[in-house]
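Just protein_23.pdb here, PDB, C-alpha atoms, pLDDT in the B column:
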```pdb
ATOM      1  CA  GLN A1267       0.000   0.000   0.000  1.00 71.00           C
ATOM      2  CA  VAL A1268       1.293   3.465  -0.870  1.00 77.00           C
ATOM      3  CA  GLN A1269       0.417   6.595   1.060  1.00 89.00           C
ATOM      4  CA  LEU A1270       1.014   9.991  -0.498  1.00 94.00           C
ATOM      5  CA  VAL A1271       1.419  13.532   0.915  1.00 96.00           C
ATOM      6  CA  GLU A1272       1.443  16.616  -1.297  1.00 98.00           C
ATOM      7  CA  SER A1273       3.350  19.843  -0.632  1.00 98.00           C
ATOM      8  CA  GLY A1274       4.794  22.875  -2.368  1.00 98.00           C
ATOM      9  CA  GLY A1275       1.719  24.878  -3.266  1.00 98.00           C
ATOM     10  CA  GLY A1276       1.381  28.591  -2.742  1.00 98.00           C
ATOM     11  CA  LEU A1277       0.456  31.938  -4.212  1.00 98.00           C
ATOM     12  CA  VAL A1278       2.277  32.998  -7.353  1.00 98.00           C
ATOM     13  CA  GLN A1279       1.796  35.634 -10.027  1.00 98.00           C
ATOM     14  CA  ALA A1280       0.857  34.675 -13.563  1.00 98.00           C
ATOM     15  CA  GLY A1281       3.943  33.604 -15.461  1.00 98.00           C
ATOM     16  CA  GLY A1282       5.631  32.332 -12.345  1.00 98.00           C
ATOM     17  CA  SER A1283       6.682  28.838 -11.331  1.00 98.00           C
ATOM     18  CA  LEU A1284       6.117  26.388  -8.517  1.00 98.00           C
ATOM     19  CA  ARG A1285       7.346  22.887  -7.825  1.00 98.00           C
ATOM     20  CA  LEU A1286       5.008  20.483  -6.105  1.00 98.00           C
ATOM     21  CA  SER A1287       6.230  17.405  -4.293  1.00 98.00           C
ATOM     22  CA  CYS A1288       4.473  14.139  -3.596  1.00 97.00           C
ATOM     23  CA  ALA A1289       6.078  12.132  -0.816  1.00 96.00           C
ATOM     24  CA  ALA A1290       5.269   8.452  -0.682  1.00 93.00           C
ATOM     25  CA  SER A1291       5.494   5.795   1.963  1.00 89.00           C
ATOM     26  CA  GLY A1292       5.101   2.102   1.343  1.00 79.00           C
ATOM     27  CA  ILE A1293       7.301  -0.473  -0.256  1.00 69.00           C
ATOM     28  CA  LEU A1294       5.479  -0.599  -3.595  1.00 85.00           C
ATOM     29  CA  PHE A1295       6.195   2.984  -4.674  1.00 85.00           C
ATOM     30  CA  SER A1296       8.696   2.187  -7.410  1.00 85.00           C
ATOM     31  CA  ILE A1297       6.272   0.018  -9.368  1.00 87.00           C
ATOM     32  CA  LYS A1298       3.358   2.415  -9.175  1.00 91.00           C
ATOM     33  CA  THR A1299       2.143   4.884 -11.727  1.00 95.00           C
ATOM     34  CA  ILE A1300       1.770   8.200  -9.894  1.00 96.00           C
ATOM     35  CA  SER A1301      -0.469  10.927 -11.236  1.00 97.00           C
ATOM     36  CA  TRP A1302      -1.106  14.546 -10.389  1.00 98.00           C
ATOM     37  CA  TYR A1303      -4.701  15.753 -10.416  1.00 98.00           C
ATOM     38  CA  ARG A1304      -6.230  19.132  -9.714  1.00 98.00           C
ATOM     39  CA  GLN A1305      -9.613  20.409  -8.725  1.00 98.00           C
ATOM     40  CA  ALA A1306     -10.740  23.990  -9.002  1.00 97.00           C
ATOM     41  CA  PRO A1307     -13.777  25.291  -7.089  1.00 92.00           C
ATOM     42  CA  GLY A1308     -16.973  24.221  -8.773  1.00 95.00           C
ATOM     43  CA  LYS A1309     -15.177  21.970 -11.230  1.00 96.00           C
ATOM     44  CA  GLN A1310     -14.504  18.268 -11.466  1.00 96.00           C
ATOM     45  CA  ARG A1311     -11.129  16.877 -10.572  1.00 97.00           C
ATOM     46  CA  GLU A1312      -8.968  16.493 -13.664  1.00 97.00           C
ATOM     47  CA  LEU A1313      -5.863  14.520 -14.496  1.00 98.00           C
ATOM     48  CA  VAL A1314      -2.848  16.752 -15.051  1.00 98.00           C
ATOM     49  CA  ALA A1315       0.119  14.421 -15.527  1.00 98.00           C
ATOM     50  CA  SER A1316       1.182  10.822 -14.961  1.00 98.00           C
ATOM     51  CA  ILE A1317       4.476   8.985 -14.742  1.00 97.00           C
ATOM     52  CA  ASN A1318       4.759   5.216 -14.691  1.00 95.00           C
ATOM     53  CA  SER A1319       7.401   2.964 -13.194  1.00 92.00           C
ATOM     54  CA  GLY A1320       9.432   3.024 -16.407  1.00 92.00           C
ATOM     55  CA  GLY A1321       9.376   6.791 -16.643  1.00 92.00           C
ATOM     56  CA  SER A1322       6.785   7.106 -19.391  1.00 96.00           C
ATOM     57  CA  ILE A1323       4.908  10.363 -19.048  1.00 98.00           C
ATOM     58  CA  ASN A1324       1.567  11.775 -20.116  1.00 98.00           C
ATOM     59  CA  TYR A1325       0.221  15.300 -19.785  1.00 98.00           C
ATOM     60  CA  SER A1326      -3.153  16.862 -20.241  1.00 98.00           C
ATOM     61  CA  ASP A1327      -3.332  19.204 -23.188  1.00 97.00           C
ATOM     62  CA  SER A1328      -3.915  22.149 -20.855  1.00 97.00           C
ATOM     63  CA  VAL A1329      -0.472  21.831 -19.232  1.00 98.00           C
ATOM     64  CA  LYS A1330       1.630  20.269 -22.002  1.00 98.00           C
ATOM     65  CA  GLY A1331       4.771  22.288 -22.577  1.00 98.00           C
ATOM     66  CA  ARG A1332       4.454  24.138 -19.264  1.00 98.00           C
ATOM     67  CA  PHE A1333       4.462  21.406 -16.600  1.00 98.00           C
ATOM     68  CA  ALA A1334       6.973  18.616 -16.073  1.00 98.00           C
ATOM     69  CA  ILE A1335       6.476  15.522 -13.938  1.00 98.00           C
ATOM     70  CA  SER A1336       9.402  13.519 -12.612  1.00 97.00           C
ATOM     71  CA  ARG A1337      10.091  10.914  -9.982  1.00 96.00           C
ATOM     72  CA  ASP A1338      12.923   9.896  -7.681  1.00 95.00           C
ATOM     73  CA  ASN A1339      12.300   6.292  -6.673  1.00 92.00           C
ATOM     74  CA  ALA A1340      15.171   6.263  -4.181  1.00 92.00           C
ATOM     75  CA  LYS A1341      13.618   9.165  -2.286  1.00 94.00           C
ATOM     76  CA  LYS A1342      10.041   8.028  -2.984  1.00 93.00           C
ATOM     77  CA  LEU A1343       9.178  11.436  -4.407  1.00 96.00           C
ATOM     78  CA  VAL A1344       7.251  12.617  -7.434  1.00 97.00           C
ATOM     79  CA  TYR A1345       7.567  16.212  -8.527  1.00 98.00           C
ATOM     80  CA  LEU A1346       5.431  18.495 -10.643  1.00 98.00           C
ATOM     81  CA  GLN A1347       7.374  21.457 -11.970  1.00 98.00           C
ATOM     82  CA  MET A1348       4.899  24.082 -13.073  1.00 98.00           C
ATOM     83  CA  ASN A1349       6.109  26.937 -15.256  1.00 98.00           C
ATOM     84  CA  SER A1350       4.349  29.778 -17.044  1.00 98.00           C
ATOM     85  CA  LEU A1351       1.489  29.510 -14.606  1.00 98.00           C
ATOM     86  CA  LYS A1352      -1.877  30.961 -15.525  1.00 98.00           C
ATOM     87  CA  PRO A1353      -4.840  31.978 -13.375  1.00 97.00           C
ATOM     88  CA  ASP A1354      -6.677  28.951 -14.840  1.00 97.00           C
ATOM     89  CA  ASP A1355      -4.123  26.725 -13.098  1.00 98.00           C
ATOM     90  CA  THR A1356      -5.528  27.803  -9.746  1.00 98.00           C
ATOM     91  CA  ALA A1357      -6.720  24.641  -8.018  1.00 98.00           C
ATOM     92  CA  ARG A1358      -5.958  22.180  -5.262  1.00 98.00           C
ATOM     93  CA  TYR A1359      -3.457  19.672  -6.548  1.00 98.00           C
ATOM     94  CA  TYR A1360      -3.370  16.023  -5.525  1.00 98.00           C
ATOM     95  CA  CYS A1361      -1.143  13.100  -6.296  1.00 97.00           C
ATOM     96  CA  ASN A1362      -2.482   9.581  -6.326  1.00 95.00           C
ATOM     97  CA  THR A1363      -2.142   6.065  -7.570  1.00 93.00           C
ATOM     98  CA  GLN A1364      -4.797   4.396  -9.690  1.00 91.00           C
ATOM     99  CA  THR A1365      -5.757   2.280  -6.689  1.00 90.00           C
ATOM    100  CA  GLY A1366      -6.305   5.410  -4.641  1.00 91.00           C
ATOM    101  CA  VAL A1367      -8.427   6.890  -7.392  1.00 92.00           C
ATOM    102  CA  ASP A1368     -10.493   3.703  -7.702  1.00 91.00           C
ATOM    103  CA  LEU A1369     -11.063   3.660  -3.944  1.00 91.00           C
ATOM    104  CA  ASN A1370     -11.763   7.408  -3.910  1.00 92.00           C
ATOM    105  CA  ASN A1371      -8.986   7.748  -1.353  1.00 91.00           C
ATOM    106  CA  TRP A1372      -7.447  11.228  -1.598  1.00 93.00           C
ATOM    107  CA  GLY A1373      -4.976  13.133   0.515  1.00 93.00           C
ATOM    108  CA  GLN A1374      -5.185  16.752   1.650  1.00 96.00           C
ATOM    109  CA  GLY A1375      -3.711  18.099  -1.542  1.00 98.00           C
ATOM    110  CA  THR A1376      -1.819  21.364  -1.856  1.00 98.00           C
ATOM    111  CA  GLN A1377      -3.359  24.662  -2.934  1.00 98.00           C
ATOM    112  CA  VAL A1378      -1.978  26.544  -5.907  1.00 98.00           C
ATOM    113  CA  THR A1379      -3.261  30.053  -6.487  1.00 98.00           C
ATOM    114  CA  VAL A1380      -2.156  32.054  -9.519  1.00 98.00           C
ATOM    115  CA  SER A1381      -2.925  35.760  -9.469  1.00 97.00           C
ATOM    116  CA  SER A1382      -3.382  37.769 -12.667  1.00 94.00           C
TER     117      SER A1382
END
```
Exercise: express the given structure as structure tokens:
Amino acid sequence: QVQLVESGGGLVQAGGSLRLSCAASGILFSIKTISWYRQAPGKQRELVASINSGGSINYSDSVKGRFAISRDNAKKLVYLQMNSLKPDDTARYYCNTQTGVDLNNWGQGTQVTVSS
């Protein structure tokens, strides 16, 4: 079982950058696909980026070219580097495994607010 804790959010001006971190516990981390999701007020949670155990990566069209996901299996960390931030990126960001998503088991997330 993998447990995940998000951090790194904050308030930033449009055009700025933030790096989110997802810290994992549990012995199965290295074989898990880890994804970042976000949810803005009044909107459904959406998938932002995913990275699998082999390092293959997928991004949503809305963040492609601006965000970069990476992982450090030795440290059990997954990062989301967010550049050229826009007000539309304002949301609470979560990391999760597919199992966590299927079980509707979410952490606290980390708030990202982008001012115009």
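Among the candidates A:Ser1301, A:Asn1339, A:Gln1279, A:Thr1365, the residue lying nearest to Ser1326 in chain A is A:Ser1301 (atoms considered: all atoms listed in the file).
Within 10 Å of the point (-5.2, 19.8, -19.6), counting all atoms listed in the file, the protein and nucleic acid residues come to Arg1304, Glu1312, Leu1313, Val1314, Ala1315, Tyr1325, Ser1326, Asp1327, Ser1328, Val1329, Lys1330 and Asp1355 of chain A.
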Selection result of the PyMOL selection byres ((chain A and resi 1353) around 10) on this file, as a PyMOL selection string: chain A and resi 1278-1281+1351-1352+1354-1357+1378-1382
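You can rank A:Asn1324, A:Ala1334, A:Gln1267, A:Gly1366 by their closest distance to Ser1296 in chain A using only C-alpha atoms, and at the top of that list sits A:Gln1267.
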List the neighbours of Gly1373 in chain A out to 8 Å using all atoms listed in the file; skip same-chain residues closer than 3 positions along the sequence, and give me the result as an NGL selection string. :A and (1270-1272 or 1360-1361)
Would you give the centre and edge lengths, in Å to one decimal, of a box along x, y and z around the listed atoms of range 1294-1310 of chain A, with 6 Å added to each side, as lines of an AutoDock Vina configuration file?
```
center_x = -4.1
center_y = 12.3
center_z = -7.7
size_x = 37.7
size_y = 37.9
size_z = 20.1
```
Could you check the closest approach to Ser1291 in chain A for each of A:Ile1323, A:Gly1331, A:Lys1341, A:Gln1310 and tell me which residue wins, using only C-alpha atoms? A:Lys1341
Residue nearest Asn1371 in chain A among A:Ser1350, A:Gln1305, A:Gln1269, A:Ser1322 (counting only C-alpha atoms): A:Gln1269
Kindly resolve the PyMOL selection byres ((chain A and resi 1319) around 7) on the present coordinates and return the residues as a PyMOL selection string. chain A and resi 1296-1299+1317-1318+1320-1321
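When you apply the PyMOL selection byres ((chain A and resi 1274) around 12) to this structure, what comes back is Val1271, Glu1272, Ser1273, Gly1275, Gly1276, Leu1277, Val1278, Ser1283, Leu1284, Arg1285, Leu1286, Ser1287, Cys1288, Ala1289, Val1344, Tyr1345, Leu1346, Gln1347, Met1348, Arg1358, Tyr1359, Tyr1360, Gly1375, Thr1376, Gln1377, Val1378 and Thr1379 of chain A.
Taking CA of Leu1369 in chain A and CA of Arg1337 in chain A as endpoints, the distance between them is 23.2 Å.
Our summary of the geometry notes that CA of Ala1290 in chain A is positioned 15.7 Å from CA of Tyr1303 in chain A.
Between CA of Phe1333 in chain A and CA of Gly1282 in chain A the interatomic distance comes to 11.8 Å.
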Between A:Asp1338, A:Asn1370, A:Asn1362, A:Arg1332, which residue has the minimum interatomic distance to Trp1302 in chain A, considering all atoms listed in the file? A:Asn1362
Top pick for closest residue to Phe1295 in chain A, considering A:Val1268, A:Ile1335, A:Ala1340, A:Ser1316 and counting all atoms listed in the file: A:Val1268
Where atoms are absent from range 1275-1311 of chain A, fill them in so it carries N, CA and C atoms, then output it as a PDB file, in the coordinates of the input.
```
ATOM      1  N   GLY A1275       2.616  23.887  -2.686  1.00 98.00           N
ATOM      2  CA  GLY A1275       1.719  24.878  -3.266  1.00 98.00           C
ATOM      3  C   GLY A1275       1.952  26.254  -2.674  1.00 98.00           C
ATOM      4  N   GLY A1276       1.254  27.225  -3.227  1.00 98.00           N
ATOM      5  CA  GLY A1276       1.381  28.591  -2.742  1.00 98.00           C
ATOM      6  C   GLY A1276       0.719  29.574  -3.669  1.00 98.00           C
ATOM      7  N   LEU A1277       0.983  30.842  -3.398  1.00 98.00           N
ATOM      8  CA  LEU A1277       0.456  31.938  -4.212  1.00 98.00           C
ATOM      9  C   LEU A1277       1.566  32.449  -5.115  1.00 98.00           C
ATOM     10  N   VAL A1278       1.274  32.552  -6.395  1.00 98.00           N
ATOM     11  CA  VAL A1278       2.277  32.998  -7.353  1.00 98.00           C
ATOM     12  C   VAL A1278       1.604  33.874  -8.409  1.00 98.00           C
ATOM     13  N   GLN A1279       2.344  34.796  -8.965  1.00 98.00           N
ATOM     14  CA  GLN A1279       1.796  35.634 -10.027  1.00 98.00           C
ATOM     15  C   GLN A1279       1.790  34.874 -11.353  1.00 98.00           C
ATOM     16  N   ALA A1280       0.904  35.274 -12.231  1.00 98.00           N
ATOM     17  CA  ALA A1280       0.857  34.675 -13.563  1.00 98.00           C
ATOM     18  C   ALA A1280       2.232  34.774 -14.220  1.00 98.00           C
ATOM     19  N   GLY A1281       2.620  33.678 -14.845  1.00 98.00           N
ATOM     20  CA  GLY A1281       3.943  33.604 -15.461  1.00 98.00           C
ATOM     21  C   GLY A1281       5.003  33.014 -14.564  1.00 98.00           C
ATOM     22  N   GLY A1282       4.677  32.870 -13.300  1.00 98.00           N
ATOM     23  CA  GLY A1282       5.631  32.332 -12.345  1.00 98.00           C
ATOM     24  C   GLY A1282       5.680  30.817 -12.351  1.00 98.00           C
ATOM     25  N   SER A1283       6.457  30.283 -11.411  1.00 98.00           N
ATOM     26  CA  SER A1283       6.682  28.838 -11.331  1.00 98.00           C
ATOM     27  C   SER A1283       6.517  28.345  -9.900  1.00 98.00           C
ATOM     28  N   LEU A1284       6.157  27.096  -9.786  1.00 98.00           N
ATOM     29  CA  LEU A1284       6.117  26.388  -8.517  1.00 98.00           C
ATOM     30  C   LEU A1284       6.531  24.943  -8.769  1.00 98.00           C
ATOM     31  N   ARG A1285       7.069  24.315  -7.743  1.00 98.00           N
ATOM     32  CA  ARG A1285       7.346  22.887  -7.825  1.00 98.00           C
ATOM     33  C   ARG A1285       6.611  22.188  -6.703  1.00 98.00           C
ATOM     34  N   LEU A1286       5.732  21.294  -7.070  1.00 98.00           N
ATOM     35  CA  LEU A1286       5.008  20.483  -6.105  1.00 98.00           C
ATOM     36  C   LEU A1286       5.758  19.181  -5.863  1.00 98.00           C
ATOM     37  N   SER A1287       5.628  18.690  -4.645  1.00 98.00           N
ATOM     38  CA  SER A1287       6.230  17.405  -4.293  1.00 98.00           C
ATOM     39  C   SER A1287       5.164  16.465  -3.769  1.00 98.00           C
ATOM     40  N   CYS A1288       5.363  15.196  -4.067  1.00 97.00           N
ATOM     41  CA  CYS A1288       4.473  14.139  -3.596  1.00 97.00           C
ATOM     42  C   CYS A1288       5.365  13.112  -2.914  1.00 97.00           C
ATOM     43  N   ALA A1289       5.250  13.045  -1.599  1.00 96.00           N
ATOM     44  CA  ALA A1289       6.078  12.132  -0.816  1.00 96.00           C
ATOM     45  C   ALA A1289       5.301  10.855  -0.532  1.00 96.00           C
ATOM     46  N   ALA A1290       5.946   9.737  -0.807  1.00 93.00           N
ATOM     47  CA  ALA A1290       5.269   8.452  -0.682  1.00 93.00           C
ATOM     48  C   ALA A1290       5.866   7.612   0.434  1.00 93.00           C
ATOM     49  N   SER A1291       5.041   6.834   1.036  1.00 89.00           N
ATOM     50  CA  SER A1291       5.494   5.795   1.963  1.00 89.00           C
ATOM     51  C   SER A1291       4.914   4.475   1.476  1.00 89.00           C
ATOM     52  N   GLY A1292       5.581   3.390   1.829  1.00 79.00           N
ATOM     53  CA  GLY A1292       5.101   2.102   1.343  1.00 79.00           C
ATOM     54  C   GLY A1292       6.116   1.486   0.418  1.00 79.00           C
ATOM     55  N   ILE A1293       6.224   0.211   0.440  1.00 69.00           N
ATOM     56  CA  ILE A1293       7.301  -0.473  -0.256  1.00 69.00           C
ATOM     57  C   ILE A1293       7.028  -0.638  -1.742  1.00 69.00           C
ATOM     58  N   LEU A1294       5.817  -0.345  -2.203  1.00 85.00           N
ATOM     59  CA  LEU A1294       5.479  -0.599  -3.595  1.00 85.00           C
ATOM     60  C   LEU A1294       5.607   0.647  -4.475  1.00 85.00           C
ATOM     61  N   PHE A1295       6.177   1.709  -3.955  1.00 85.00           N
ATOM     62  CA  PHE A1295       6.195   2.984  -4.674  1.00 85.00           C
ATOM     63  C   PHE A1295       6.808   2.858  -6.051  1.00 85.00           C
ATOM     64  N   SER A1296       7.941   2.174  -6.163  1.00 85.00           N
ATOM     65  CA  SER A1296       8.696   2.187  -7.410  1.00 85.00           C
ATOM     66  C   SER A1296       7.958   1.536  -8.566  1.00 85.00           C
ATOM     67  N   ILE A1297       6.979   0.697  -8.289  1.00 87.00           N
ATOM     68  CA  ILE A1297       6.272   0.018  -9.368  1.00 87.00           C
ATOM     69  C   ILE A1297       4.952   0.706  -9.713  1.00 87.00           C
ATOM     70  N   LYS A1298       4.649   1.758  -9.004  1.00 91.00           N
ATOM     71  CA  LYS A1298       3.358   2.415  -9.175  1.00 91.00           C
ATOM     72  C   LYS A1298       3.426   3.556 -10.186  1.00 91.00           C
ATOM     73  N   THR A1299       2.363   3.661 -10.960  1.00 95.00           N
ATOM     74  CA  THR A1299       2.143   4.884 -11.727  1.00 95.00           C
ATOM     75  C   THR A1299       1.594   5.935 -10.760  1.00 95.00           C
ATOM     76  N   ILE A1300       2.210   7.097 -10.755  1.00 96.00           N
ATOM     77  CA  ILE A1300       1.770   8.200  -9.894  1.00 96.00           C
ATOM     78  C   ILE A1300       1.274   9.321 -10.792  1.00 96.00           C
ATOM     79  N   SER A1301       0.133   9.860 -10.435  1.00 97.00           N
ATOM     80  CA  SER A1301      -0.469  10.927 -11.236  1.00 97.00           C
ATOM     81  C   SER A1301      -0.749  12.146 -10.378  1.00 97.00           C
ATOM     82  N   TRP A1302      -0.664  13.294 -11.004  1.00 98.00           N
ATOM     83  CA  TRP A1302      -1.106  14.546 -10.389  1.00 98.00           C
ATOM     84  C   TRP A1302      -2.472  14.900 -10.963  1.00 98.00           C
ATOM     85  N   TYR A1303      -3.367  15.292 -10.058  1.00 98.00           N
ATOM     86  CA  TYR A1303      -4.701  15.753 -10.416  1.00 98.00           C
ATOM     87  C   TYR A1303      -4.879  17.152  -9.837  1.00 98.00           C
ATOM     88  N   ARG A1304      -5.884  17.845 -10.318  1.00 98.00           N
ATOM     89  CA  ARG A1304      -6.230  19.132  -9.714  1.00 98.00           C
ATOM     90  C   ARG A1304      -7.737  19.326  -9.751  1.00 98.00           C
ATOM     91  N   GLN A1305      -8.189  20.096  -8.793  1.00 98.00           N
ATOM     92  CA  GLN A1305      -9.613  20.409  -8.725  1.00 98.00           C
ATOM     93  C   GLN A1305      -9.782  21.871  -8.357  1.00 98.00           C
ATOM     94  N   ALA A1306     -10.424  22.591  -9.242  1.00 97.00           N
ATOM     95  CA  ALA A1306     -10.740  23.990  -9.002  1.00 97.00           C
ATOM     96  C   ALA A1306     -12.142  24.081  -8.407  1.00 97.00           C
ATOM     97  N   PRO A1307     -12.440  25.141  -7.675  1.00 92.00           N
ATOM     98  CA  PRO A1307     -13.777  25.291  -7.089  1.00 92.00           C
ATOM     99  C   PRO A1307     -14.862  25.192  -8.143  1.00 92.00           C
ATOM    100  N   GLY A1308     -15.853  24.353  -7.869  1.00 95.00           N
ATOM    101  CA  GLY A1308     -16.973  24.221  -8.773  1.00 95.00           C
ATOM    102  C   GLY A1308     -16.712  23.362  -9.999  1.00 95.00           C
ATOM    103  N   LYS A1309     -15.529  22.788 -10.065  1.00 96.00           N
ATOM    104  CA  LYS A1309     -15.177  21.970 -11.230  1.00 96.00           C
ATOM    105  C   LYS A1309     -14.829  20.547 -10.799  1.00 96.00           C
ATOM    106  N   GLN A1310     -14.888  19.638 -11.751  1.00 96.00           N
ATOM    107  CA  GLN A1310     -14.504  18.268 -11.466  1.00 96.00           C
ATOM    108  C   GLN A1310     -12.984  18.148 -11.392  1.00 96.00           C
ATOM    109  N   ARG A1311     -12.548  17.162 -10.645  1.00 97.00           N
ATOM    110  CA  ARG A1311     -11.129  16.877 -10.572  1.00 97.00           C
ATOM    111  C   ARG A1311     -10.644  16.399 -11.940  1.00 97.00           C
TER     112      ARG A1311
END
```
